[in-house]
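Enquirer: Next comes entry_0.cif, mmCIF, C-alpha atoms and all ligand atoms:
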```cif
data_data
loop_
_atom_site.label_atom_id
_atom_site.label_comp_id
_atom_site.auth_asym_id
_atom_site.auth_seq_id
_atom_site.Cartn_x
_atom_site.Cartn_y
_atom_site.Cartn_z
CA MET A 1 81.12 104.81 78.51
CA HIS A 2 81.73 101.06 78.35
CA ILE A 3 82.87 99.98 81.83
CA GLY A 4 84.03 96.58 83.12
CA PHE A 5 82.99 95.78 86.71
CA ILE A 6 84.43 92.89 88.75
CA GLY A 7 83.13 92.02 92.24
CA LEU A 8 79.35 92.34 92.58
CA GLY A 9 78.92 91.76 96.32
CA ASN A 10 77.17 93.85 98.98
CA MET A 11 78.93 97.00 97.80
CA GLY A 12 79.82 96.25 94.17
CA ALA A 13 76.28 95.30 93.08
CA PRO A 14 74.59 98.59 94.08
CA MET A 15 77.56 100.57 92.71
CA ALA A 16 77.24 98.76 89.37
CA HIS A 17 73.47 99.40 89.35
CA ASN A 18 74.14 103.13 89.75
CA LEU A 19 76.53 103.10 86.78
CA LEU A 20 73.81 101.48 84.66
CA LYS A 21 71.28 104.05 85.88
CA ALA A 22 73.71 106.81 84.82
CA GLY A 23 73.59 105.42 81.27
CA HIS A 24 76.90 103.55 81.12
CA GLN A 25 77.27 100.21 79.37
CA LEU A 26 78.56 97.52 81.74
CA SER A 27 80.38 94.18 81.32
CA VAL A 28 80.36 92.33 84.64
CA PHE A 29 82.14 89.41 86.27
CA ASP A 30 81.90 87.75 89.68
CA LEU A 31 82.73 84.21 90.88
CA ASN A 32 79.15 84.10 92.17
CA ALA A 33 76.79 83.43 89.24
CA ALA A 34 73.73 84.73 91.10
CA ALA A 35 75.45 88.11 91.58
CA VAL A 36 76.10 88.29 87.82
CA ASP A 37 72.48 87.32 87.00
CA ASN A 38 71.21 90.14 89.19
CA LEU A 39 73.13 92.74 87.13
CA VAL A 40 72.32 91.07 83.82
CA GLY A 41 68.64 91.48 84.76
CA ALA A 42 69.28 95.23 84.94
CA GLY A 43 70.97 95.37 81.52
CA ALA A 44 74.64 94.47 82.09
CA LEU A 45 76.54 92.06 79.82
CA PRO A 46 77.90 88.91 81.53
CA VAL A 47 81.56 88.03 80.95
CA ASP A 48 83.24 84.85 82.14
CA SER A 49 86.64 86.05 83.41
CA PRO A 50 88.74 89.14 84.22
CA THR A 51 90.72 88.38 81.03
CA ALA A 52 87.53 88.55 78.96
CA ILE A 53 86.71 91.93 80.49
CA ALA A 54 90.23 93.18 79.82
CA GLN A 55 90.16 91.97 76.21
CA GLY A 56 86.70 93.41 75.53
CA ASN A 57 85.75 96.97 74.67
CA ALA A 58 85.75 98.42 78.19
CA GLU A 59 87.52 101.79 78.40
CA LEU A 60 87.69 101.60 82.17
CA ILE A 61 87.59 98.68 84.63
CA ILE A 62 86.41 98.88 88.24
CA THR A 63 86.99 96.21 90.90
CA MET A 64 85.25 95.84 94.29
CA LEU A 65 86.75 92.75 95.94
CA PRO A 66 86.97 91.50 99.53
CA ALA A 67 90.70 91.90 100.35
CA ALA A 68 94.29 92.24 99.05
CA PRO A 69 94.77 88.56 98.01
CA HIS A 70 91.67 88.79 95.76
CA VAL A 71 92.86 92.11 94.32
CA LYS A 72 96.35 90.76 93.63
CA SER A 73 94.97 87.65 91.98
CA VAL A 74 92.54 89.59 89.74
CA TYR A 75 95.17 92.19 88.73
CA LEU A 76 98.53 90.42 88.90
CA GLY A 77 97.56 86.79 88.21
CA GLU A 78 98.71 84.99 85.06
CA ASN A 79 95.33 85.64 83.43
CA GLY A 80 94.75 88.83 85.37
CA LEU A 81 93.73 92.29 84.25
CA ILE A 82 97.21 93.75 83.90
CA ALA A 83 98.48 90.89 81.75
CA SER A 84 95.54 91.22 79.37
CA ALA A 85 94.35 94.88 79.44
CA ARG A 86 94.87 97.06 76.39
CA ALA A 87 97.32 99.89 77.09
CA GLY A 88 95.54 103.06 78.17
CA VAL A 89 92.53 101.33 79.74
CA MET A 90 92.06 102.87 83.17
CA LEU A 91 91.87 100.57 86.22
CA ILE A 92 90.14 101.60 89.47
CA ASP A 93 90.22 99.42 92.55
CA CYS A 94 87.56 100.37 95.12
CA SER A 95 88.29 97.48 97.53
CA THR A 96 89.71 98.29 100.97
CA ILE A 97 93.26 96.90 101.04
CA ASP A 98 96.62 97.92 102.55
CA PRO A 99 98.42 100.90 100.94
CA HIS A 100 101.52 98.79 100.20
CA SER A 101 99.56 96.29 98.07
CA ALA A 102 97.69 99.15 96.35
CA ARG A 103 101.03 100.76 95.37
CA GLU A 104 102.42 97.40 94.19
CA VAL A 105 99.43 96.85 91.86
CA ALA A 106 99.45 100.49 90.63
CA LYS A 107 103.17 100.19 89.79
CA ALA A 108 102.58 97.01 87.78
CA ALA A 109 99.68 98.70 85.97
CA ALA A 110 101.80 101.76 85.13
CA GLU A 111 104.58 99.53 83.78
CA HIS A 112 102.00 97.92 81.51
CA GLY A 113 100.72 101.29 80.30
CA ASN A 114 97.50 101.33 82.34
CA PRO A 115 96.67 104.32 84.53
CA MET A 116 95.40 103.13 87.91
CA LEU A 117 93.62 104.66 90.90
CA ASP A 118 92.95 103.24 94.35
CA ALA A 119 89.51 104.49 95.38
CA PRO A 120 88.24 102.83 98.57
CA VAL A 121 84.89 104.01 99.84
CA SER A 122 83.12 104.98 103.01
CA GLY A 123 79.35 105.04 103.47
CA GLY A 124 78.45 101.35 103.67
CA THR A 125 75.83 99.45 101.71
CA GLY A 126 73.26 102.25 102.30
CA GLY A 127 75.58 104.80 100.72
CA ALA A 128 76.35 102.41 97.86
CA ALA A 129 72.63 101.98 97.11
CA ALA A 130 71.89 105.70 97.41
CA GLY A 131 74.91 106.70 95.31
CA THR A 132 76.24 108.84 98.17
CA LEU A 133 79.54 107.08 98.88
CA THR A 134 82.70 108.97 99.76
CA PHE A 135 85.60 107.96 97.51
CA MET A 136 89.15 108.42 98.83
CA VAL A 137 91.29 108.43 95.72
CA GLY A 138 95.00 107.85 95.20
CA GLY A 139 96.69 108.47 91.83
CA SER A 140 97.81 111.26 89.48
CA ASP A 141 95.90 114.54 89.01
CA ALA A 142 95.13 113.74 85.37
CA ASP A 143 93.81 110.24 86.17
CA PHE A 144 91.72 111.61 89.02
CA ASP A 145 90.16 114.22 86.69
CA ARG A 146 89.39 111.52 84.12
CA ALA A 147 87.74 109.20 86.66
CA GLN A 148 85.87 111.86 88.63
CA PRO A 149 82.65 111.90 86.51
CA ILE A 150 82.41 108.09 86.66
CA LEU A 151 82.93 107.98 90.43
CA ALA A 152 80.36 110.78 90.78
CA ALA A 153 77.70 108.38 89.45
CA MET A 154 78.30 106.23 92.57
CA GLY A 155 79.26 108.78 95.22
CA LYS A 156 78.76 112.25 96.58
CA ASN A 157 82.21 113.16 97.91
CA ILE A 158 85.11 112.33 95.64
CA VAL A 159 88.35 113.29 97.41
CA HIS A 160 91.79 113.23 95.79
CA CYS A 161 94.14 112.16 98.60
CA GLY A 162 97.43 112.27 96.66
CA ALA A 163 99.57 109.75 94.81
CA ALA A 164 98.89 106.01 94.37
CA GLY A 165 98.03 104.26 97.65
CA ASN A 166 96.95 107.45 99.43
CA GLY A 167 93.25 106.61 99.07
CA GLN A 168 93.96 103.49 101.13
CA VAL A 169 96.03 105.54 103.59
CA ALA A 170 93.03 107.84 104.22
CA LYS A 171 90.71 104.85 104.56
CA VAL A 172 92.85 102.94 107.09
CA ALA A 173 93.53 106.07 109.17
CA ASN A 174 89.83 106.98 109.30
CA ASN A 175 88.64 103.47 110.11
CA MET A 176 91.28 102.99 112.80
CA LEU A 177 90.01 106.17 114.46
CA LEU A 178 86.41 104.95 114.07
CA GLY A 179 87.22 101.63 115.80
CA ILE A 180 88.99 103.44 118.64
CA SER A 181 86.21 106.03 119.05
CA MET A 182 83.48 103.38 119.07
CA ILE A 183 85.26 101.49 121.85
CA GLY A 184 85.70 104.77 123.77
CA VAL A 185 82.00 105.62 123.49
CA ALA A 186 81.02 102.05 124.46
CA GLU A 187 83.25 102.22 127.54
CA ALA A 188 81.92 105.63 128.61
CA MET A 189 78.25 104.73 128.03
CA ALA A 190 78.60 101.44 129.92
CA LEU A 191 80.36 103.19 132.81
CA GLY A 192 77.69 105.89 133.11
CA VAL A 193 74.84 103.36 133.05
CA ALA A 194 76.63 101.08 135.58
CA LEU A 195 76.94 104.11 137.87
CA GLY A 196 73.19 104.65 137.69
CA MET A 197 72.61 107.08 134.83
CA ASP A 198 69.93 106.84 132.15
CA ALA A 199 71.57 106.01 128.81
CA LYS A 200 69.63 108.57 126.75
CA THR A 201 70.32 111.37 129.23
CA LEU A 202 74.01 110.47 129.33
CA ALA A 203 74.22 110.42 125.52
CA GLY A 204 72.50 113.82 125.45
CA VAL A 205 75.14 115.25 127.79
CA ILE A 206 78.05 113.72 125.86
CA ASN A 207 76.62 114.95 122.55
CA THR A 208 76.55 118.55 123.75
CA SER A 209 79.90 118.27 125.54
CA SER A 210 83.53 117.64 124.66
CA GLY A 211 83.16 113.84 124.38
CA ARG A 212 80.89 114.13 121.33
CA CYS A 213 81.88 112.24 118.18
CA TRP A 214 80.20 110.35 115.28
CA SER A 215 80.11 107.14 117.36
CA SER A 216 78.21 108.94 120.13
CA ASP A 217 75.85 111.24 118.22
CA THR A 218 75.10 109.36 114.99
CA TYR A 219 75.78 105.68 115.76
CA ASN A 220 75.46 105.38 119.54
CA PRO A 221 76.15 101.77 120.62
CA PHE A 222 73.75 101.77 123.59
CA PRO A 223 70.34 100.26 122.64
CA GLY A 224 67.43 102.70 122.67
CA VAL A 225 69.50 105.90 122.53
CA LEU A 226 68.96 106.37 118.77
CA ASP A 227 66.36 104.93 116.41
CA ASN A 228 67.45 103.37 113.14
CA VAL A 229 70.94 102.34 114.23
CA PRO A 230 72.15 98.73 114.63
CA ALA A 231 72.13 99.06 118.46
CA SER A 232 68.34 99.41 118.32
CA ARG A 233 67.82 96.31 116.18
CA GLY A 234 69.98 93.72 117.91
CA TYR A 235 73.16 94.91 116.15
CA SER A 236 72.02 93.48 112.82
CA GLY A 237 72.99 95.13 109.51
CA GLY A 238 75.47 98.00 109.54
CA PHE A 239 79.23 97.45 109.45
CA GLY A 240 80.22 94.01 110.67
CA SER A 241 82.72 93.58 113.51
CA ASP A 242 84.80 91.28 111.30
CA LEU A 243 85.07 94.06 108.68
CA MET A 244 86.23 96.45 111.40
CA LEU A 245 88.73 93.80 112.54
CA LYS A 246 89.99 93.55 108.95
CA ASP A 247 90.46 97.34 108.68
CA LEU A 248 92.24 97.55 112.06
CA GLY A 249 94.56 94.78 110.84
CA LEU A 250 95.31 96.83 107.70
CA ALA A 251 96.09 99.88 109.86
CA THR A 252 98.43 98.07 112.27
CA GLU A 253 100.16 96.25 109.40
CA ALA A 254 100.64 99.49 107.44
CA ALA A 255 101.93 101.16 110.63
CA LYS A 256 104.49 98.38 111.13
CA GLN A 257 105.90 98.98 107.66
CA VAL A 258 106.79 102.58 108.55
CA ARG A 259 107.61 101.84 112.25
CA GLN A 260 104.79 104.13 113.35
CA PRO A 261 103.31 103.35 116.78
CA VAL A 262 99.52 102.86 116.79
CA ILE A 263 99.01 101.90 120.40
CA LEU A 264 95.27 102.43 120.66
CA GLY A 265 94.75 101.02 117.16
CA ALA A 266 96.49 97.79 118.18
CA LEU A 267 94.44 97.61 121.37
CA ALA A 268 91.23 98.14 119.37
CA GLN A 269 92.32 95.37 117.00
CA GLN A 270 92.77 92.96 119.94
CA LEU A 271 89.36 93.86 121.38
CA TYR A 272 87.66 93.17 118.05
CA GLN A 273 89.71 89.99 117.61
CA SER A 274 88.54 88.75 121.00
CA PHE A 275 84.93 89.73 120.15
CA SER A 276 85.16 87.85 116.85
CA ALA A 277 86.68 84.79 118.56
CA GLN A 278 83.62 84.69 120.83
CA GLY A 279 81.50 84.27 117.68
CA HIS A 280 80.25 87.84 117.32
CA GLY A 281 82.08 88.85 114.13
CA GLY A 282 78.81 89.08 112.19
CA LEU A 283 77.30 91.67 114.55
CA ASP A 284 77.59 95.37 113.78
CA PHE A 285 80.83 96.82 115.20
CA SER A 286 78.91 98.92 117.77
CA ALA A 287 78.03 95.62 119.51
CA ILE A 288 81.50 95.84 121.10
CA ILE A 289 79.62 97.55 123.96
CA ASN A 290 78.42 94.07 125.00
CA GLN A 291 81.99 93.43 126.24
CA TYR A 292 81.33 96.12 128.86
CA ARG A 293 77.69 95.82 129.82
CA LYS A 294 77.01 93.77 132.95
CA ASP A 295 73.39 93.18 131.93
CA THR A 296 74.14 91.38 128.64
P1 LIG B 1 81.38 91.05 99.49
O1 LIG B 1 82.09 89.87 100.08
O2 LIG B 1 79.91 91.21 99.69
O3 LIG B 1 81.63 91.10 97.90
C1 LIG B 1 82.83 90.73 97.28
C2 LIG B 1 82.49 90.11 95.94
O4 LIG B 1 83.70 89.80 95.26
C3 LIG B 1 81.70 88.79 96.06
O5 LIG B 1 80.53 88.85 95.25
C4 LIG B 1 82.69 87.73 95.57
O6 LIG B 1 82.06 86.64 94.91
C5 LIG B 1 83.53 88.54 94.61
N1 LIG B 1 84.84 87.97 94.35
C6 LIG B 1 85.75 87.49 95.24
N2 LIG B 1 86.86 87.06 94.58
C7 LIG B 1 86.64 87.28 93.27
C8 LIG B 1 87.41 87.05 92.10
N3 LIG B 1 88.62 86.50 92.15
N4 LIG B 1 86.87 87.38 90.91
C9 LIG B 1 85.63 87.92 90.82
N5 LIG B 1 84.84 88.17 91.90
C10 LIG B 1 85.35 87.85 93.11
O7 LIG B 1 82.18 92.34 100.04
P2 LIG B 1 81.63 93.84 100.12
O8 LIG B 1 80.90 94.06 101.39
O9 LIG B 1 81.00 94.18 98.80
O10 LIG B 1 83.02 94.63 100.27
C11 LIG B 1 83.89 94.83 99.18
C12 LIG B 1 85.04 95.72 99.64
O11 LIG B 1 84.51 96.97 100.10
C13 LIG B 1 85.86 95.15 100.81
O12 LIG B 1 87.21 95.44 100.60
C14 LIG B 1 85.30 95.89 102.03
O13 LIG B 1 86.25 96.00 103.06
C15 LIG B 1 84.97 97.24 101.43
N6 LIG B 1 83.92 97.98 102.12
C16 LIG B 1 82.79 97.35 102.55
C17 LIG B 1 81.80 98.08 103.21
C18 LIG B 1 80.53 97.42 103.70
O14 LIG B 1 79.80 98.05 104.47
N7 LIG B 1 80.23 96.21 103.26
C19 LIG B 1 81.98 99.47 103.41
C20 LIG B 1 83.11 100.09 102.91
C21 LIG B 1 84.08 99.34 102.27
#
```
So that I can check it, write out the structure of this file as structure tokens.

Expert:
Amino acid sequence: MHIGFIGLGNMGAPMAHNLLKAGHQLSVFDLNAAAVDNLVGAGALPVDSPTAIAQGNAELIITMLPAAPHVKSVYLGENGLIASARAGVMLIDCSTIDPHSAREVAKAAAEHGNPMLDAPVSGGTGGAAAGTLTFMVGGSDADFDRAQPILAAMGKNIVHCGAAGNGQVAKVANNMLLGISMIGVAEAMALGVALGMDAKTLAGVINTSSGRCWSSDTYNPFPGVLDNVPASRGYSGGFGSDLMLKDLGLATEAAKQVRQPVILGALAQQLYQSFSAQGHGGLDFSAIINQYRKDT
């Protein structure tokens, strides 16, 4: 299939590479010329604007952009995708944005005759490179069925979450819980160590007891407990604290729109905001444990 791909950053570039590997033809655009060159080297065709992608031969267009303002500008702008796409061309936004914006863009696409899915991902840059991402998809049954084989070239779990915007709903709910659980594990690990316990032994107890969760058994924030996690390499790589702050902001903002209390989510947002203000936004989000440890 001929696919248009816009947004070739840390996530978009490996996703686009996997589409090429699966035999699809790709037209690509990014504001960053070096990102485009990288894909052109692997066989993609460079295009100089979203309009040019929309007016080309692509049967489906995928976007992977930083945040809602970028998504709105690429889709709803004067020279954006929706203004220029041929009717029937399917649009899939994989960026993480708030559900309200996702529904606004999907509605505009539908009015223009373009089926649209929101399909944010989980799995990070490692999952993007390995083609093992989880896609949380919002949109109609028929559009989901049509997109499924394409998404399967980039991911392992493709989950239909319901109507437009529901992919983003699943993403913000999951990531809010992840932020809260990481802070909980950081607090418990720091307490146990401050009270004299060995970190590895404590993690072993938690991971076979009722406190166990992904943040404790797969991504423990205490250095030395697990190999090959950011905590054991100075909190480099992984999922940046500023990205977690962004997702917690999406969750609290979405909650406000439906008057739904998210008390721990808001507290987690403030903790990450304070951490970011201290200059640590580039560290992996498990580094939040440094707010608790007396020895750091
Ligand atoms: P990134 O900043 O590395 O890449 C974004 C790309 O979009 C950049 O190459 C940028 O030049 C391009 N871009 C920005 N505005 C553009 C425009 N108007 N037209 C064309 N290109 C434009 O970000 P990323 O890490 O790839 O993340 C993308 C999305 O995926 C974000 O919404 C993020 O929250 C989400 N996400 C990221 C991760 C992760 O681990 N990095 C994991 C899951 C989800």

Enquirer: For segment 140-151 of chain A, please output as a PyMOL selection string all residues within 7 Å (counting all atoms listed in the file; exclusion window: fewer than 5 positions along the same chain).

Expert: chain A and resi 115+160+163

Enquirer: Any chance you could tabulate, as a Markdown table, the residues of chain A at most 7 Å from ligand LIG 1 (chain B) with each one's nearest atom pair and distance in Å to one decimal, using all atoms listed in the file, in chain and rising number order?

Expert:
```
| residue | atom | partner | partner_atom | distance |
| --- | --- | --- | --- | --- |
| A:Ile6 | CA | B:LIG1 | C9 | 5.5 |
| A:Gly7 | CA | B:LIG1 | O4 | 3.8 |
| A:Leu8 | CA | B:LIG1 | O5 | 4.5 |
| A:Gly9 | CA | B:LIG1 | O3 | 3.2 |
| A:Asn10 | CA | B:LIG1 | O9 | 3.8 |
| A:Met11 | CA | B:LIG1 | O9 | 3.6 |
| A:Gly12 | CA | B:LIG1 | O9 | 5.2 |
| A:Phe29 | CA | B:LIG1 | C9 | 5.9 |
| A:Asp30 | CA | B:LIG1 | N5 | 3.7 |
| A:Leu31 | CA | B:LIG1 | N5 | 4.6 |
| A:Asn32 | CA | B:LIG1 | O6 | 4.7 |
| A:Ala35 | CA | B:LIG1 | O5 | 6.3 |
| A:Met64 | CA | B:LIG1 | C11 | 5.2 |
| A:Leu65 | CA | B:LIG1 | O4 | 4.3 |
| A:Pro66 | CA | B:LIG1 | C13 | 4.0 |
| A:Ala67 | CA | B:LIG1 | O12 | 5.0 |
| A:His70 | CA | B:LIG1 | N2 | 5.2 |
| A:Ser73 | CA | B:LIG1 | N3 | 6.5 |
| A:Val74 | CA | B:LIG1 | N3 | 5.5 |
| A:Cys94 | CA | B:LIG1 | O11 | 6.8 |
| A:Ser95 | CA | B:LIG1 | O12 | 3.8 |
| A:Thr96 | CA | B:LIG1 | O12 | 3.8 |
| A:Ile97 | CA | B:LIG1 | O12 | 6.2 |
| A:Pro120 | CA | B:LIG1 | C21 | 6.6 |
| A:Val121 | CA | B:LIG1 | C20 | 5.3 |
| A:Ser122 | CA | B:LIG1 | C20 | 4.9 |
| A:Gly123 | CA | B:LIG1 | C19 | 6.2 |
| A:Gly124 | CA | B:LIG1 | O14 | 3.7 |
| A:Thr125 | CA | B:LIG1 | O14 | 5.0 |
| A:Gly238 | CA | B:LIG1 | O14 | 6.7 |
| A:Phe239 | CA | B:LIG1 | O14 | 5.0 |
| A:Leu243 | CA | B:LIG1 | O13 | 6.1 |
```

Enquirer: Name the closest residue to Ala58 of chain A among the candidates A:Ala102, A:Ala83, A:Val89, A:Ala44; distances are taken between atoms, counting all atoms listed in the file.

Expert: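 Once distances to Ala58 of chain A are computed over all atoms listed in the file, the minimum belongs to A:Val89.
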
Enquirer: To one decimal place in Å, what is the distance between atom CA of Asp118 of chain A and atom CA of Ala164 of chain A?

Expert: 6.6 Å

Enquirer: When distances are computed from only C-alpha atoms, which of A:Gly4, A:Gly77, A:Gly192, A:Gly127 shows the smallest separation from Ile53 of chain A?

Expert: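 Comparing A:Gly4, A:Gly77, A:Gly192, A:Gly127 against Ile53 of chain A, the winner is A:Gly4.
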
Enquirer: Name the residues, using the chain letters and numbers of the file, that sit within 12 Å of (77.2, 111.7, 92.3) when counting all atoms listed in the file, and give them as a list in words.

Expert: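 Those residues, ordered by chain and then number, are Met15, Asn18, Leu19, Lys21, Ala22, Gly127, Ala128, Ala129, Ala130, Gly131, Thr132, Leu133, Thr134, Phe135, Gln148, Pro149, Ile150, Leu151, Ala152, Ala153, Met154, Gly155, Lys156, Asn157 and Ile158 of chain A.
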
Enquirer: Any chance you can output those residues with C-alpha atoms as a PDB file, keeping the file's coordinate frame?

Expert:
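Result file is result30.pdb:
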```pdb
ATOM      1  CA  MET A  15      77.560 100.570  92.710  1.00  0.00           C
ATOM      2  CA  ASN A  18      74.140 103.130  89.750  1.00  0.00           C
ATOM      3  CA  LEU A  19      76.530 103.100  86.780  1.00  0.00           C
ATOM      4  CA  LYS A  21      71.280 104.050  85.880  1.00  0.00           C
ATOM      5  CA  ALA A  22      73.710 106.810  84.820  1.00  0.00           C
ATOM      6  CA  GLY A 127      75.580 104.800 100.720  1.00  0.00           C
ATOM      7  CA  ALA A 128      76.350 102.410  97.860  1.00  0.00           C
ATOM      8  CA  ALA A 129      72.630 101.980  97.110  1.00  0.00           C
ATOM      9  CA  ALA A 130      71.890 105.700  97.410  1.00  0.00           C
ATOM     10  CA  GLY A 131      74.910 106.700  95.310  1.00  0.00           C
ATOM     11  CA  THR A 132      76.240 108.840  98.170  1.00  0.00           C
ATOM     12  CA  LEU A 133      79.540 107.080  98.880  1.00  0.00           C
ATOM     13  CA  THR A 134      82.700 108.970  99.760  1.00  0.00           C
ATOM     14  CA  PHE A 135      85.600 107.960  97.510  1.00  0.00           C
ATOM     15  CA  GLN A 148      85.870 111.860  88.630  1.00  0.00           C
ATOM     16  CA  PRO A 149      82.650 111.900  86.510  1.00  0.00           C
ATOM     17  CA  ILE A 150      82.410 108.090  86.660  1.00  0.00           C
ATOM     18  CA  LEU A 151      82.930 107.980  90.430  1.00  0.00           C
ATOM     19  CA  ALA A 152      80.360 110.780  90.780  1.00  0.00           C
ATOM     20  CA  ALA A 153      77.700 108.380  89.450  1.00  0.00           C
ATOM     21  CA  MET A 154      78.300 106.230  92.570  1.00  0.00           C
ATOM     22  CA  GLY A 155      79.260 108.780  95.220  1.00  0.00           C
ATOM     23  CA  LYS A 156      78.760 112.250  96.580  1.00  0.00           C
ATOM     24  CA  ASN A 157      82.210 113.160  97.910  1.00  0.00           C
ATOM     25  CA  ILE A 158      85.110 112.330  95.640  1.00  0.00           C
TER      26      ILE A 158
END
```

Enquirer: Near Ser101 of chain A, counting only C-alpha atoms, which residues have an atom at most 9 Å away, once you skip same-chain residues fewer than 2 positions from it, shown as a PyMOL selection string?

Expert: chain A and resi 68+71-72+97-99+103-106+165

Enquirer: Nearest residue to Arg233 of chain A out of A:Ala251, A:Leu283, A:Val258, A:Ile289, using all atoms listed in the file?

Expert: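 Among A:Ala251, A:Leu283, A:Val258, A:Ile289, it is A:Leu283 that comes nearest to Arg233 of chain A.
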
Enquirer: Find the residue from A:Gly162, A:Pro221, A:Gly113, A:Gly167 that sits nearest to Glu187 of chain A; use all atoms listed in the file when measuring.

Expert: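 Answer, going by the shortest atom-to-atom distance: A:Pro221.
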
Enquirer: Under the rule that all atoms listed in the file are counted, which of A:Cys161, A:Met176, A:Ala87, A:Ala13 is the nearest residue to Ala119 of chain A?

Expert: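 Ranking A:Cys161, A:Met176, A:Ala87, A:Ala13 by distance to Ala119 of chain A, first place goes to A:Cys161.
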
Enquirer: Go through A:Gln257, A:Gln25, A:Gln273, A:Ser181 and flag the residue nearest Ser216 of chain A, using only C-alpha atoms for the distances.

Expert: A:Ser181

Enquirer: Enter the distance from atom CA of Gly282 of chain A to atom CA of Pro261 of chain A, in Å, rounded to one decimal.

Expert: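 Atom CA of Gly282 of chain A sits 28.7 Å away from atom CA of Pro261 of chain A.
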
Enquirer: Please measure the separation of atom CA of Leu91 of chain A and atom CA of Ile61 of chain A, giving the value in Å to one decimal.

Expert: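 Calculated distance between atom CA of Leu91 of chain A and atom CA of Ile61 of chain A is 4.9 Å.
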
Enquirer: Mind checking which residues fall within 12 Å of Ala33 of chain A, counting only C-alpha atoms, ignoring those fewer than 5 positions away in the same chain, and posting them as a PyMOL selection string?

Expert: chain A and resi 7-9+28+38-40+46-49

Enquirer: Save segment 105-109 of chain A to disk from that block, all heavy atoms included, as an mmCIF file, in the first residue's frame.

Expert:
```cif
data_model
loop_
_atom_site.group_PDB
_atom_site.id
_atom_site.type_symbol
_atom_site.label_atom_id
_atom_site.label_comp_id
_atom_site.auth_asym_id
_atom_site.auth_seq_id
_atom_site.Cartn_x
_atom_site.Cartn_y
_atom_site.Cartn_z
ATOM 1 N N VAL A 105 -10.657 16.589 15.770
ATOM 2 C CA VAL A 105 -10.010 16.351 14.471
ATOM 3 C C VAL A 105 -10.752 15.242 13.718
ATOM 4 O O VAL A 105 -10.998 15.349 12.509
ATOM 5 C CB VAL A 105 -8.512 15.988 14.670
ATOM 6 C CG1 VAL A 105 -7.859 15.668 13.337
ATOM 7 C CG2 VAL A 105 -7.766 17.130 15.349
ATOM 8 N N ALA A 106 -11.174 14.187 14.424
ATOM 9 C CA ALA A 106 -11.880 13.073 13.763
ATOM 10 C C ALA A 106 -13.205 13.565 13.170
ATOM 11 O O ALA A 106 -13.615 13.134 12.085
ATOM 12 C CB ALA A 106 -12.125 11.943 14.751
ATOM 13 N N LYS A 107 -13.867 14.482 13.882
ATOM 14 C CA LYS A 107 -15.154 15.014 13.399
ATOM 15 C C LYS A 107 -14.930 15.816 12.115
ATOM 16 O O LYS A 107 -15.660 15.650 11.127
ATOM 17 C CB LYS A 107 -15.758 15.909 14.493
ATOM 18 C CG LYS A 107 -17.127 16.446 14.181
ATOM 19 C CD LYS A 107 -17.759 17.019 15.464
ATOM 20 C CE LYS A 107 -19.105 17.658 15.171
ATOM 21 N NZ LYS A 107 -18.991 19.019 14.667
ATOM 22 N N ALA A 108 -13.886 16.645 12.115
ATOM 23 C CA ALA A 108 -13.582 17.430 10.907
ATOM 24 C C ALA A 108 -13.235 16.505 9.742
ATOM 25 O O ALA A 108 -13.643 16.738 8.601
ATOM 26 C CB ALA A 108 -12.422 18.385 11.197
ATOM 27 N N ALA A 109 -12.499 15.428 10.036
ATOM 28 C CA ALA A 109 -12.128 14.479 8.980
ATOM 29 C C ALA A 109 -13.382 13.814 8.415
ATOM 30 O O ALA A 109 -13.548 13.711 7.191
ATOM 31 C CB ALA A 109 -11.168 13.426 9.539
#
```
